[in-house]
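Visitor: The following file, my_file_32.cif, comprises mmCIF, C-alpha atoms and all ligand atoms:
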```cif
data_protein
#
loop_
_atom_site.label_atom_id
_atom_site.label_comp_id
_atom_site.auth_asym_id
_atom_site.auth_seq_id
_atom_site.Cartn_x
_atom_site.Cartn_y
_atom_site.Cartn_z
CA MET R 1 -20.29 -2.91 -107.57
CA ASN R 2 -21.22 -6.52 -107.76
CA GLN R 3 -23.54 -8.17 -105.26
CA SER R 4 -20.90 -10.10 -103.31
CA ALA R 5 -18.89 -6.95 -102.59
CA LEU R 6 -22.05 -5.27 -101.26
CA ALA R 7 -22.71 -8.24 -98.94
CA VAL R 8 -19.16 -8.01 -97.54
CA ILE R 9 -19.56 -4.26 -96.80
CA MET R 10 -22.95 -4.83 -95.15
CA GLY R 11 -21.51 -7.65 -93.02
CA ALA R 12 -18.59 -5.46 -91.92
CA VAL R 13 -20.95 -2.59 -91.00
CA LEU R 14 -23.14 -4.98 -89.01
CA ILE R 15 -20.10 -6.38 -87.15
CA ALA R 16 -18.89 -2.84 -86.38
CA ILE R 17 -22.33 -1.88 -85.03
CA PHE R 18 -22.37 -5.04 -82.90
CA ILE R 19 -18.90 -4.33 -81.45
CA LEU R 20 -19.89 -0.70 -80.69
CA LEU R 21 -23.05 -1.85 -78.93
CA ALA R 22 -21.09 -4.42 -76.94
CA ILE R 23 -18.56 -1.74 -75.82
CA LEU R 24 -21.36 0.63 -74.75
CA PHE R 25 -23.11 -2.17 -72.89
CA PHE R 26 -19.98 -3.13 -70.88
CA LYS R 27 -19.20 0.52 -70.09
CA ALA R 28 -22.71 1.06 -68.74
CA LEU R 29 -22.42 -2.09 -66.66
CA ARG R 30 -19.10 -0.95 -65.09
CA LYS R 31 -20.53 2.47 -64.20
CA LYS R 32 -23.48 0.82 -62.52
CA LYS R 33 -21.22 -1.42 -60.51
CA ILE R 34 -19.17 1.50 -59.21
CA ARG R 35 -22.22 3.54 -58.32
CA GLU R 36 -24.05 0.70 -56.62
CA PRO R 37 -24.37 1.77 -52.94
CA GLU R 38 -23.05 -0.49 -50.15
CA ARG R 39 -25.73 -2.65 -48.76
CA LYS R 40 -26.72 -1.46 -45.30
CA LEU R 41 -26.10 -3.94 -42.45
CA GLU R 42 -29.14 -5.26 -40.70
CA PRO R 43 -29.20 -4.20 -36.99
CA GLN R 44 -28.59 -7.83 -35.98
CA GLU R 45 -25.50 -8.03 -38.21
CA LYS R 46 -24.25 -4.67 -36.98
CA ALA R 47 -24.61 -5.74 -33.34
CA THR R 48 -22.68 -8.93 -33.99
CA GLU R 49 -19.92 -6.90 -35.57
CA VAL R 50 -19.73 -4.49 -32.59
CA ILE R 51 -19.86 -7.30 -30.02
CA GLY R 52 -17.14 -9.05 -31.95
CA GLU R 53 -14.94 -5.99 -31.68
CA LYS R 54 -15.76 -5.68 -27.97
CA VAL R 55 -14.91 -9.32 -27.37
CA GLU R 56 -11.60 -8.72 -29.13
CA LEU R 57 -10.98 -5.62 -27.01
CA GLU R 58 -11.86 -7.48 -23.83
CA LYS R 59 -9.46 -10.24 -24.80
CA VAL R 60 -6.67 -7.72 -25.35
CA GLU R 61 -7.44 -6.03 -22.03
CA GLU R 62 -7.41 -9.41 -20.31
CA VAL R 63 -4.01 -10.27 -21.76
CA ILE R 64 -2.63 -6.85 -20.72
CA GLU R 65 -4.03 -7.29 -17.22
CA GLU R 66 -2.49 -10.77 -16.90
CA ALA R 67 0.85 -9.44 -18.13
CA GLU R 68 0.69 -6.58 -15.60
CA GLU R 69 -0.10 -9.00 -12.80
CA GLU R 70 2.83 -11.16 -13.84
CA ILE R 71 5.14 -8.14 -13.83
CA GLU R 72 3.90 -7.17 -10.38
CA GLU R 73 4.38 -10.72 -9.04
CA THR R 74 7.90 -10.75 -10.45
CA GLU R 75 8.59 -7.34 -8.93
CA VAL R 76 7.37 -8.57 -5.55
CA GLU R 77 9.54 -11.67 -5.82
CA GLU R 78 12.58 -9.70 -6.98
CA GLU R 79 12.11 -7.18 -4.22
CA GLY R 80 11.65 -10.03 -1.78
CA LYS R 81 15.00 -11.41 -2.93
CA LEU R 82 16.56 -8.01 -2.29
CA GLY R 83 15.76 -8.81 1.30
CA PHE R 84 14.23 -7.04 4.19
CA PHE R 85 17.55 -5.94 5.58
CA ALA R 86 18.65 -4.14 2.40
CA ARG R 87 15.33 -2.30 2.05
CA LEU R 88 15.19 -1.46 5.75
CA LYS R 89 18.73 -0.12 5.56
CA GLU R 90 17.77 1.93 2.53
CA GLY R 91 14.63 3.21 4.28
CA LEU R 92 16.60 4.05 7.38
CA SER R 93 19.42 5.86 5.58
CA LYS R 94 18.34 9.36 6.67
CA THR R 95 17.73 8.32 10.27
CA ARG R 96 21.05 6.47 10.29
CA SER R 97 23.01 9.52 9.17
CA ALA R 98 21.08 11.82 11.53
CA LEU R 99 21.63 9.53 14.48
CA ILE R 100 24.47 7.04 14.22
CA GLY R 101 26.42 9.03 11.60
CA LYS R 102 26.55 11.99 14.01
CA VAL R 103 27.32 9.75 16.99
CA GLU R 104 30.26 8.27 15.08
CA SER R 105 31.74 11.65 14.22
CA LEU R 106 31.21 12.80 17.79
CA PHE R 107 32.90 9.73 19.28
CA ALA R 108 35.87 9.67 16.88
CA GLY R 109 39.08 10.17 18.90
CA ARG R 110 37.22 11.56 21.95
CA LYS R 111 37.41 10.63 25.61
CA VAL R 112 34.29 9.97 27.67
CA ASP R 113 33.44 13.12 29.66
CA GLU R 114 30.46 15.30 30.63
CA LYS R 115 30.81 17.46 27.49
CA LEU R 116 30.57 14.35 25.32
CA TYR R 117 27.38 13.25 27.08
CA GLY R 118 25.93 16.73 26.55
CA GLU R 119 26.59 16.57 22.83
CA LEU R 120 25.24 13.02 22.61
CA GLU R 121 22.04 14.18 24.33
CA GLU R 122 21.55 16.84 21.68
CA ILE R 123 22.01 14.31 18.84
CA LEU R 124 19.50 11.86 20.33
CA ILE R 125 16.87 14.53 20.91
CA THR R 126 17.32 15.97 17.41
CA ALA R 127 16.83 12.46 15.96
CA ASP R 128 13.41 12.32 17.67
CA VAL R 129 14.31 9.73 20.29
CA GLY R 130 12.46 11.94 22.79
CA VAL R 131 13.57 13.80 25.91
CA SER R 132 12.73 11.22 28.57
CA THR R 133 14.01 8.27 26.52
CA THR R 134 17.24 10.17 25.81
CA GLN R 135 17.65 10.86 29.51
CA ALA R 136 17.07 7.20 30.36
CA LEU R 137 19.63 6.12 27.74
CA LEU R 138 22.23 8.60 29.03
CA ASP R 139 21.75 7.46 32.64
CA VAL R 140 22.38 3.84 31.77
CA LEU R 141 25.30 4.76 29.49
CA LYS R 142 26.98 6.76 32.27
CA ALA R 143 26.46 3.97 34.78
CA ARG R 144 27.86 1.32 32.46
CA ALA R 145 30.82 3.49 31.40
CA LYS R 146 31.72 3.90 35.06
CA GLN R 147 31.20 0.25 35.91
CA GLU R 148 33.01 -1.08 32.83
CA GLU R 149 35.71 1.63 33.10
CA ILE R 150 35.16 2.86 29.56
CA VAL R 151 37.53 5.72 28.72
CA GLU R 152 37.47 5.88 24.91
CA ALA R 153 34.26 7.24 23.40
CA GLU R 154 34.57 4.70 20.54
CA ASP R 155 33.95 1.92 23.07
CA LEU R 156 30.73 3.60 24.16
CA LYS R 157 29.17 3.00 20.72
CA LYS R 158 28.78 -0.72 21.39
CA VAL R 159 27.10 0.04 24.72
CA LEU R 160 24.72 2.50 23.02
CA LYS R 161 23.76 -0.16 20.46
CA GLU R 162 23.07 -2.73 23.19
CA GLU R 163 20.98 -0.30 25.22
CA ILE R 164 18.93 0.80 22.19
CA ARG R 165 18.25 -2.87 21.39
CA ARG R 166 17.25 -3.48 25.02
CA LYS R 167 14.61 -0.76 24.77
CA LEU R 168 12.85 -2.43 21.80
CA GLN R 169 10.49 -4.59 23.85
CA PRO R 170 7.91 -6.19 24.19
CA LYS R 171 7.65 -8.56 21.25
CA PRO R 172 4.49 -8.32 19.14
CA ILE R 173 2.02 -11.13 19.65
CA SER R 174 2.07 -13.15 16.44
CA ILE R 175 -0.75 -12.39 14.05
CA GLU R 176 -2.37 -15.55 15.13
CA LEU R 177 -4.92 -16.81 12.66
CA GLY R 178 -6.49 -19.20 15.17
CA SER R 179 -9.74 -17.26 15.18
CA LYS R 180 -11.46 -17.44 11.87
CA PRO R 181 -11.99 -14.80 10.70
CA PHE R 182 -9.19 -12.92 12.43
CA VAL R 183 -10.36 -9.31 12.65
CA MET R 184 -7.89 -6.42 12.51
CA MET R 185 -8.98 -2.83 12.88
CA MET R 186 -6.76 -0.10 11.50
CA VAL R 187 -6.95 3.32 13.14
CA GLY R 188 -5.00 6.58 12.99
CA VAL R 189 -5.31 10.25 12.16
CA ASN R 190 -5.81 11.39 8.57
CA GLY R 191 -3.26 10.76 5.89
CA VAL R 192 -0.87 8.62 7.93
CA GLY R 193 -1.09 5.67 5.53
CA LYS R 194 -3.89 3.43 6.89
CA THR R 195 -5.50 2.45 3.59
CA THR R 196 -2.18 1.91 1.82
CA THR R 197 -0.94 -0.24 4.70
CA ILE R 198 -4.13 -2.31 4.59
CA GLY R 199 -3.55 -2.92 0.87
CA LYS R 200 0.03 -4.01 1.51
CA ILE R 201 -0.94 -6.34 4.38
CA ALA R 202 -3.80 -7.84 2.34
CA HIS R 203 -1.41 -8.46 -0.54
CA GLN R 204 1.05 -10.28 1.73
CA PHE R 205 -1.66 -12.52 3.14
CA THR R 206 -3.38 -13.35 -0.16
CA HIS R 207 0.09 -14.20 -1.47
CA GLU R 208 0.22 -16.80 1.30
CA GLY R 209 -3.13 -18.19 0.16
CA LYS R 210 -5.31 -16.55 2.78
CA LYS R 211 -8.79 -15.29 2.01
CA ILE R 212 -9.18 -11.63 2.94
CA VAL R 213 -12.20 -9.38 3.35
CA LEU R 214 -11.65 -5.63 3.50
CA ALA R 215 -14.24 -3.49 5.28
CA ALA R 216 -14.64 -0.03 3.79
CA SER R 217 -15.54 1.66 7.06
CA ASP R 218 -14.09 4.99 5.98
CA THR R 219 -17.41 6.21 4.69
CA PHE R 220 -16.45 9.79 5.49
CA ARG R 221 -13.82 10.84 2.98
CA ALA R 222 -14.82 11.19 -0.65
CA ALA R 223 -13.23 8.45 -2.79
CA ALA R 224 -12.06 6.50 0.27
CA VAL R 225 -14.15 3.49 -0.79
CA GLU R 226 -12.77 3.63 -4.35
CA GLN R 227 -9.21 3.77 -2.99
CA LEU R 228 -9.81 0.65 -0.91
CA GLU R 229 -11.54 -1.00 -3.88
CA ARG R 230 -8.39 -0.53 -5.96
CA TRP R 231 -6.33 -2.17 -3.22
CA ALA R 232 -8.86 -5.01 -3.01
CA GLU R 233 -8.44 -5.62 -6.74
CA ARG R 234 -4.64 -5.47 -6.59
CA SER R 235 -4.46 -7.78 -3.58
CA ARG R 236 -7.28 -10.03 -4.83
CA SER R 237 -9.26 -9.50 -1.65
CA GLU R 238 -12.99 -9.16 -1.28
CA ILE R 239 -14.50 -5.88 -0.16
CA VAL R 240 -17.62 -5.06 1.82
CA LYS R 241 -18.80 -1.52 1.24
CA GLN R 242 -21.71 0.88 1.35
CA ALA R 243 -22.26 4.32 -0.07
CA GLN R 244 -20.35 7.35 1.19
CA GLY R 245 -21.95 8.69 4.35
CA ALA R 246 -23.17 5.27 5.52
CA ASP R 247 -22.66 4.16 9.12
CA PRO R 248 -19.04 2.89 9.36
CA ALA R 249 -19.92 0.54 12.22
CA ALA R 250 -22.63 -1.09 10.08
CA VAL R 251 -20.12 -1.70 7.29
CA ALA R 252 -17.71 -3.31 9.75
CA TYR R 253 -20.53 -5.49 11.13
CA ASP R 254 -21.50 -6.61 7.61
CA ALA R 255 -17.88 -7.39 6.76
CA VAL R 256 -17.33 -9.53 9.85
CA THR R 257 -20.54 -11.51 9.34
CA ALA R 258 -19.94 -11.86 5.58
CA ALA R 259 -16.39 -13.06 6.23
CA ALA R 260 -17.65 -15.71 8.65
CA ALA R 261 -20.28 -16.85 6.13
CA ARG R 262 -17.76 -17.02 3.29
CA GLY R 263 -15.08 -18.78 5.32
CA ALA R 264 -12.58 -15.92 5.03
CA ASP R 265 -9.40 -15.99 7.10
CA ILE R 266 -8.91 -12.30 7.83
CA VAL R 267 -10.98 -9.13 7.97
CA ILE R 268 -9.18 -5.79 7.86
CA VAL R 269 -11.30 -2.79 8.77
CA ASP R 270 -10.31 0.54 7.22
CA THR R 271 -11.43 3.59 9.19
CA ALA R 272 -11.64 7.31 8.59
CA GLY R 273 -8.93 9.59 9.86
CA ARG R 274 -10.71 12.81 9.08
CA LEU R 275 -13.57 13.94 11.24
CA HIS R 276 -14.66 17.35 12.41
CA THR R 277 -13.23 16.99 15.86
CA ARG R 278 -10.90 14.53 17.48
CA VAL R 279 -13.55 13.68 20.08
CA ASN R 280 -15.86 12.55 17.28
CA LEU R 281 -13.11 10.47 15.76
CA MET R 282 -12.47 8.62 19.02
CA GLU R 283 -16.20 8.12 19.66
CA GLU R 284 -16.62 6.69 16.18
CA MET R 285 -13.68 4.30 16.64
CA LYS R 286 -15.17 3.13 19.95
CA LYS R 287 -18.53 2.51 18.28
CA ILE R 288 -17.00 0.52 15.40
CA LYS R 289 -15.06 -1.60 17.90
CA ARG R 290 -18.22 -2.26 19.97
CA VAL R 291 -20.26 -3.23 16.92
CA ILE R 292 -17.53 -5.56 15.59
CA ASN R 293 -17.64 -7.21 18.98
CA LYS R 294 -21.39 -7.76 18.56
CA ALA R 295 -20.78 -9.55 15.26
CA ASN R 296 -18.03 -11.71 16.79
CA GLN R 297 -17.56 -11.87 20.55
CA THR R 298 -13.79 -12.35 20.37
CA ALA R 299 -13.23 -9.59 17.81
CA PRO R 300 -11.52 -7.29 17.06
CA HIS R 301 -8.47 -9.49 17.61
CA LEU R 302 -5.90 -6.83 16.81
CA MET R 303 -6.16 -3.06 17.11
CA LEU R 304 -3.44 -1.50 15.00
CA LEU R 305 -2.52 2.16 15.03
CA VAL R 306 -0.82 3.62 11.96
CA VAL R 307 1.45 6.60 12.57
CA ASP R 308 3.51 8.63 10.12
CA ALA R 309 7.24 8.52 10.96
CA ASN R 310 7.63 12.09 9.66
CA THR R 311 5.59 13.40 12.59
CA GLY R 312 8.30 12.30 15.04
CA GLN R 313 7.31 12.85 18.67
CA ASN R 314 3.75 13.67 17.60
CA ALA R 315 3.34 9.98 16.72
CA ILE R 316 3.84 9.18 20.41
CA ARG R 317 1.11 11.63 21.43
CA GLN R 318 -1.29 10.13 18.87
CA ALA R 319 -0.54 6.65 20.19
CA GLU R 320 -1.26 7.78 23.74
CA GLU R 321 -4.62 9.25 22.73
CA PHE R 322 -5.77 6.25 20.69
CA ASN R 323 -4.53 3.84 23.32
CA GLU R 324 -6.56 5.60 25.97
CA ALA R 325 -9.70 5.70 23.83
CA VAL R 326 -9.77 2.29 22.15
CA GLY R 327 -6.72 0.33 23.34
CA ILE R 328 -3.91 -0.35 20.90
CA ASP R 329 -2.21 -3.74 20.49
CA GLY R 330 0.39 -2.67 18.00
CA ILE R 331 1.77 0.19 15.96
CA ILE R 332 2.63 0.44 12.29
CA LEU R 333 5.17 3.12 11.49
CA ALA R 334 4.55 4.22 7.92
CA LYS R 335 6.72 6.47 5.73
CA LEU R 336 10.00 5.58 7.45
CA ASP R 337 11.63 6.11 4.08
CA GLY R 338 12.74 9.66 3.51
CA THR R 339 12.60 10.76 7.14
CA ALA R 340 15.39 11.41 9.62
CA LYS R 341 12.94 10.95 12.49
CA GLY R 342 13.17 7.15 12.74
CA GLY R 343 14.64 7.56 16.23
CA VAL R 344 11.01 7.81 17.34
CA ILE R 345 10.90 4.00 17.23
CA ILE R 346 13.07 3.93 20.36
CA GLY R 347 10.79 6.49 22.03
CA ILE R 348 7.62 4.55 21.10
CA TYR R 349 8.92 1.40 22.77
CA ASP R 350 10.35 3.20 25.78
CA GLN R 351 7.37 5.40 26.53
CA LEU R 352 4.41 3.31 25.41
CA LYS R 353 5.60 -0.29 25.71
CA ILE R 354 3.52 -1.07 22.63
CA PRO R 355 5.22 -3.22 19.97
CA ILE R 356 5.74 -2.10 16.41
CA TYR R 357 4.32 -4.68 13.97
CA TYR R 358 5.35 -3.27 10.63
CA VAL R 359 7.33 -0.43 9.15
CA GLY R 360 6.41 1.17 5.84
CA VAL R 361 9.40 2.05 3.67
CA GLY R 362 7.65 3.26 0.50
CA GLU R 363 4.40 3.41 -1.43
CA LYS R 364 4.70 0.14 -3.33
CA VAL R 365 3.00 -3.07 -2.33
CA TYR R 366 6.21 -4.74 -1.07
CA ASP R 367 7.28 -1.66 0.93
CA LEU R 368 5.90 -2.97 4.20
CA ARG R 369 8.07 -5.12 6.40
CA PRO R 370 7.45 -6.86 9.70
CA PHE R 371 9.44 -5.01 12.33
CA ASP R 372 12.31 -6.96 13.82
CA PRO R 373 14.21 -5.18 16.65
CA ASP R 374 17.46 -7.06 15.94
CA GLU R 375 17.42 -6.19 12.26
CA PHE R 376 16.47 -2.60 13.03
CA THR R 377 19.41 -2.14 15.41
CA GLU R 378 21.80 -3.78 12.95
CA ALA R 379 20.52 -1.65 10.06
CA LEU R 380 20.81 1.48 12.20
CA PHE R 381 24.39 0.85 13.28
CA GLU R 382 25.76 -0.78 10.15
CA SER R 383 27.65 1.76 8.07
N1 LIG E 401 6.75 7.22 1.14
C1 LIG E 401 5.74 6.55 1.69
N2 LIG E 401 4.47 6.92 1.43
C2 LIG E 401 3.47 6.23 2.01
C3 LIG E 401 3.70 5.11 2.85
N3 LIG E 401 2.50 4.65 3.27
C4 LIG E 401 1.55 5.44 2.71
N4 LIG E 401 2.12 6.39 1.95
C5 LIG E 401 1.45 7.46 1.17
O1 LIG E 401 0.76 8.33 2.07
C6 LIG E 401 -0.40 8.89 1.45
C7 LIG E 401 -1.62 8.70 2.35
O2 LIG E 401 -1.88 7.33 2.45
P1 LIG E 401 -3.33 6.72 2.78
O3 LIG E 401 -3.15 5.25 2.85
O4 LIG E 401 -4.36 7.26 1.89
O5 LIG E 401 -3.53 7.32 4.24
P2 LIG E 401 -4.83 7.19 5.18
O6 LIG E 401 -4.34 7.16 6.58
O7 LIG E 401 -5.66 6.06 4.73
O8 LIG E 401 -5.54 8.58 4.88
P3 LIG E 401 -7.08 9.00 5.25
O9 LIG E 401 -7.93 7.88 4.81
O10 LIG E 401 -7.29 10.24 4.46
O11 LIG E 401 -7.11 9.24 6.70
C8 LIG E 401 -0.52 8.17 0.11
O12 LIG E 401 -0.03 9.01 -0.89
C9 LIG E 401 0.36 6.94 0.26
O13 LIG E 401 0.88 6.50 -0.96
C10 LIG E 401 5.09 4.73 3.12
O14 LIG E 401 5.41 3.81 3.85
N5 LIG E 401 6.05 5.49 2.50
MG MG E 402 -7.68 5.96 4.25
#
```
Step by step, read the file and then write its structure as structure tokens.
Ligand SMILES: Nc1nc2c(ncn2[C@@H]2O[C@H](COP(=O)(O)OP(=O)(O)OP(=O)(O)O)[C@@H](O)[C@H]2O)c(=O)[nH]1
Ligand SMILES: [Mg+2]

Guide:
Amino acid sequence: MNQSALAVIMGAVLIAIFILLAILFFKALRKKKIREPERKLEPQEKATEVIGEKVELEKVEEVIEEAEEEIEETEVEEEGKLGFFARLKEGLSKTRSALIGKVESLFAGRKVDEKLYGELEEILITADVGVSTTQALLDVLKARAKQEEIVEAEDLKKVLKEEIRRKLQPKPISIELGSKPFVMMMVGVNGVGKTTTIGKIAHQFTHEGKKIVLAASDTFRAAAVEQLERWAERSRSEIVKQAQGADPAAVAYDAVTAAAARGADIVIVDTAGRLHTRVNLMEEMKKIKRVINKANQTAPHLMLLVVDANTGQNAIRQAEEFNEAVGIDGIILAKLDGTAKGGVIIGIYDQLKIPIYYVGVGEKVYDLRPFDPDEFTEALFES
């Protein structure tokens, strides 16, 4: 082997060794890269990352909330377009069939006689119009039938409608916002719909641009404050509250003074319906009323009693009791939807002479309508 051939072989071996070393080196480097642990975040960096996520989440929640509010506003507007009359008619459907539906089938093709009056009496009493109011209606119907020489029972329907309308007096005094803040106190036995009604009223007024303060004076029932808080949020009202078990009169006092300081238009005081005895309940209502009057000498400006339409004639007894104890300016008849006892409206007017301010026809925010006697009579008689 000559010398040049040896040099070529040596060179090739050296190059091969170099390539082998290079391959091993790169392999080792890759392994190291894969195994290299992730660098731990410094607490500061970690916090920023978490806050960032939270900010994102808050933004998403905000957008969802805005969208929900928009939907609710649209619903309120759409329902508003549906009109009071349509919703009242819908809410009155059971009462209408129990009262006017039966009257219509009774009157069809009949002549006016004593037997007819007897059957009409039964219908009116069953529809919760009340015994004395039914009697008064029958007396005037008989007198007018005689005077106007009505022979066909069909013609008596118009007279019945007129006489029912005539009973729906006096007119409510307008919720006059002259006094600022205008203080309303909501009373009633447990579960009738006080808190829900307050939420609905607050929503209507804030929609009109009024500033509302809700007083969480039901400090008795567990979760009553939270329930009112939810309505305050939905209606964009302010709320004055204390812990459960606090003095309800003190909460009302705070709310009235806070409302005056903040330039609010209306204060609505929620009260408890559930106490150990009815005497206690009335005494507590009297105390709240007295203390509100200490905070503002012209307040409360409106004492509203909420009754549940399902209780029928019992609603009249509740109104009598509350009226005697604290004086009632107006009645709100909740839960008129789904009951056949709406005839109690006629009895309330006839026996108590206290106007009905609102009727509740459902659980939603727009399911509260100012009571209009003309519309009520039309809705009742319209088939
Ligand atoms: N269908 C129907 N339900 C109603 C109406 N008003 C209130 N409710 C329901 O009645 C129930 C009782 O209502 P609340 O507002 O809590 O009654 P409350 O008088 O405040 O009750 P207490 O605070 O326990 O005395 C709730 O489930 C309401 O959603 C109405 O007009 N129609
Ligand atoms: Mg309540």

Visitor: Write out as a list in words each polymer residue (protein, DNA or RNA) that has an atom no more than 6 Å from ligand MG 402 (chain E), with only C-alpha atoms and all ligand atoms counted.

Guide: Lys194, Thr195 and Ala224 of chain R

Visitor: Taking only C-alpha atoms and all ligand atoms into account, list the residues no farther than 9 Å from ligand LIG 401 (chain E), as a ChimeraX atom specification.

Guide: /R:187-199,218,220-221,224,227-228,270-274,306-309,333-338,359-364,367-368

Visitor: Those residues with C-alpha atoms, as a PDB file, in the frame of the given file please?

Guide:
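out-v4.pdb, written as the output of this step:
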```
ATOM      1  CA  VAL R 187      -6.950   3.320  13.140  1.00  0.00           C
ATOM      2  CA  GLY R 188      -5.000   6.580  12.990  1.00  0.00           C
ATOM      3  CA  VAL R 189      -5.310  10.250  12.160  1.00  0.00           C
ATOM      4  CA  ASN R 190      -5.810  11.390   8.570  1.00  0.00           C
ATOM      5  CA  GLY R 191      -3.260  10.760   5.890  1.00  0.00           C
ATOM      6  CA  VAL R 192      -0.870   8.620   7.930  1.00  0.00           C
ATOM      7  CA  GLY R 193      -1.090   5.670   5.530  1.00  0.00           C
ATOM      8  CA  LYS R 194      -3.890   3.430   6.890  1.00  0.00           C
ATOM      9  CA  THR R 195      -5.500   2.450   3.590  1.00  0.00           C
ATOM     10  CA  THR R 196      -2.180   1.910   1.820  1.00  0.00           C
ATOM     11  CA  THR R 197      -0.940  -0.240   4.700  1.00  0.00           C
ATOM     12  CA  ILE R 198      -4.130  -2.310   4.590  1.00  0.00           C
ATOM     13  CA  GLY R 199      -3.550  -2.920   0.870  1.00  0.00           C
ATOM     14  CA  ASP R 218     -14.090   4.990   5.980  1.00  0.00           C
ATOM     15  CA  PHE R 220     -16.450   9.790   5.490  1.00  0.00           C
ATOM     16  CA  ARG R 221     -13.820  10.840   2.980  1.00  0.00           C
ATOM     17  CA  ALA R 224     -12.060   6.500   0.270  1.00  0.00           C
ATOM     18  CA  GLN R 227      -9.210   3.770  -2.990  1.00  0.00           C
ATOM     19  CA  LEU R 228      -9.810   0.650  -0.910  1.00  0.00           C
ATOM     20  CA  ASP R 270     -10.310   0.540   7.220  1.00  0.00           C
ATOM     21  CA  THR R 271     -11.430   3.590   9.190  1.00  0.00           C
ATOM     22  CA  ALA R 272     -11.640   7.310   8.590  1.00  0.00           C
ATOM     23  CA  GLY R 273      -8.930   9.590   9.860  1.00  0.00           C
ATOM     24  CA  ARG R 274     -10.710  12.810   9.080  1.00  0.00           C
ATOM     25  CA  VAL R 306      -0.820   3.620  11.960  1.00  0.00           C
ATOM     26  CA  VAL R 307       1.450   6.600  12.570  1.00  0.00           C
ATOM     27  CA  ASP R 308       3.510   8.630  10.120  1.00  0.00           C
ATOM     28  CA  ALA R 309       7.240   8.520  10.960  1.00  0.00           C
ATOM     29  CA  LEU R 333       5.170   3.120  11.490  1.00  0.00           C
ATOM     30  CA  ALA R 334       4.550   4.220   7.920  1.00  0.00           C
ATOM     31  CA  LYS R 335       6.720   6.470   5.730  1.00  0.00           C
ATOM     32  CA  LEU R 336      10.000   5.580   7.450  1.00  0.00           C
ATOM     33  CA  ASP R 337      11.630   6.110   4.080  1.00  0.00           C
ATOM     34  CA  GLY R 338      12.740   9.660   3.510  1.00  0.00           C
ATOM     35  CA  VAL R 359       7.330  -0.430   9.150  1.00  0.00           C
ATOM     36  CA  GLY R 360       6.410   1.170   5.840  1.00  0.00           C
ATOM     37  CA  VAL R 361       9.400   2.050   3.670  1.00  0.00           C
ATOM     38  CA  GLY R 362       7.650   3.260   0.500  1.00  0.00           C
ATOM     39  CA  GLU R 363       4.400   3.410  -1.430  1.00  0.00           C
ATOM     40  CA  LYS R 364       4.700   0.140  -3.330  1.00  0.00           C
ATOM     41  CA  ASP R 367       7.280  -1.660   0.930  1.00  0.00           C
ATOM     42  CA  LEU R 368       5.900  -2.970   4.200  1.00  0.00           C
TER      43      LEU R 368
END
```

Visitor: What does the distance from atom CA of Val183 of chain R to atom CA of Asn314 of chain R come to in Å, to one decimal?

Guide: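 About the pair atom CA of Val183 of chain R and atom CA of Asn314 of chain R: they are 27.4 Å apart.
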
Visitor: How many Å separate atom CA of Asp265 of chain R from atom CA of Ala246 of chain R?

Guide: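 Spanning atom CA of Asp265 of chain R to atom CA of Ala246 of chain R is a straight-line distance of 25.4 Å.
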
Visitor: Please compute the atom CA of Leu302 of chain R-atom CA of Val213 of chain R distance, one decimal, in Å.

Guide: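 Atom-to-atom, atom CA of Leu302 of chain R to atom CA of Val213 of chain R, that is 15.1 Å.
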
Visitor: With only C-alpha atoms as the counted atoms, please give the residues lying no more than 9 Å from Asp254 of chain R, apart from itself and same-chain residues fewer than 5 positions off, as an NGL selection string.

Guide: :R and (215 or 240-241 or 249 or 259 or 292 or 295)

Visitor: Quick one: residues within 10 Å of Ile354 of chain R, all atoms listed in the file, excluding same-chain residues fewer than 3 positions away - as an MDAnalysis selection string?

Guide: chainID R and resid 168:172 319 323 328:331 348:351 357

Visitor: Determine, counting all atoms listed in the file, which protein, DNA and RNA residues have an atom within 10 Å of an atom of Leu137 of chain R; residues of the same chain fewer than 5 positions away are not included. Present the result as a list in words.

Guide: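 Result of the neighbour search: Glu121, Leu124, Val129, Val131, Ser132, Lys142, Leu160, Glu163, Ile164, Lys167 and Asp350 of chain R.
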
Visitor: Which residue out of R:Val159, R:Met186, R:Ala16, R:Ala202 has the minimum interatomic distance to Leu138 of chain R when all atoms listed in the file are used?

Guide: R:Val159

Visitor: Can you tell me, as number ranges by chain, which residues sit within 12 Å of (19.9, 5.1, 6.6) in the file's frame, using all atoms listed in the file?

Guide: R: 85-101, 336-343, 361, 376-383

Visitor: Can you pull out every residue within 10 Å of Arg290 of chain R, counting only C-alpha atoms, but drop anything in the same chain fewer than 6 positions away, and send it as a compact mmCIF listing (two decimals) with C-alpha atoms, in the coordinates of the input?

Guide:
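Printed below is part.txt as written:
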```txt
# COMPACT_ATOMS: atom_id res chain seq x y z
CA ALA R 249 -19.92 0.54 12.22
CA TYR R 253 -20.53 -5.49 11.13
CA GLU R 284 -16.62 6.69 16.18
CA ASN R 296 -18.03 -11.71 16.79
CA GLN R 297 -17.56 -11.87 20.55
CA ALA R 299 -13.23 -9.59 17.81
CA PRO R 300 -11.52 -7.29 17.06
CA VAL R 326 -9.77 2.29 22.15
```

Visitor: May I ask which of the residues R:Ala232, R:Met285, R:Ile173, R:Ala12 is the closest one to Leu305 of chain R, counting only C-alpha atoms?

Guide: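 Of R:Ala232, R:Met285, R:Ile173, R:Ala12, the one nearest Leu305 of chain R is R:Met285, counting only C-alpha atoms.
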
Visitor: Mind giving me the axis-aligned box for segment 163-171 of chain R with 4 Å on every side, centre plus edges in Å to one decimal, as lines of an AutoDock Vina configuration file?

Guide:
```
center_x = 14.3
center_y = -3.9
center_z = 23.2
size_x = 21.3
size_y = 17.4
size_z = 12.0
```
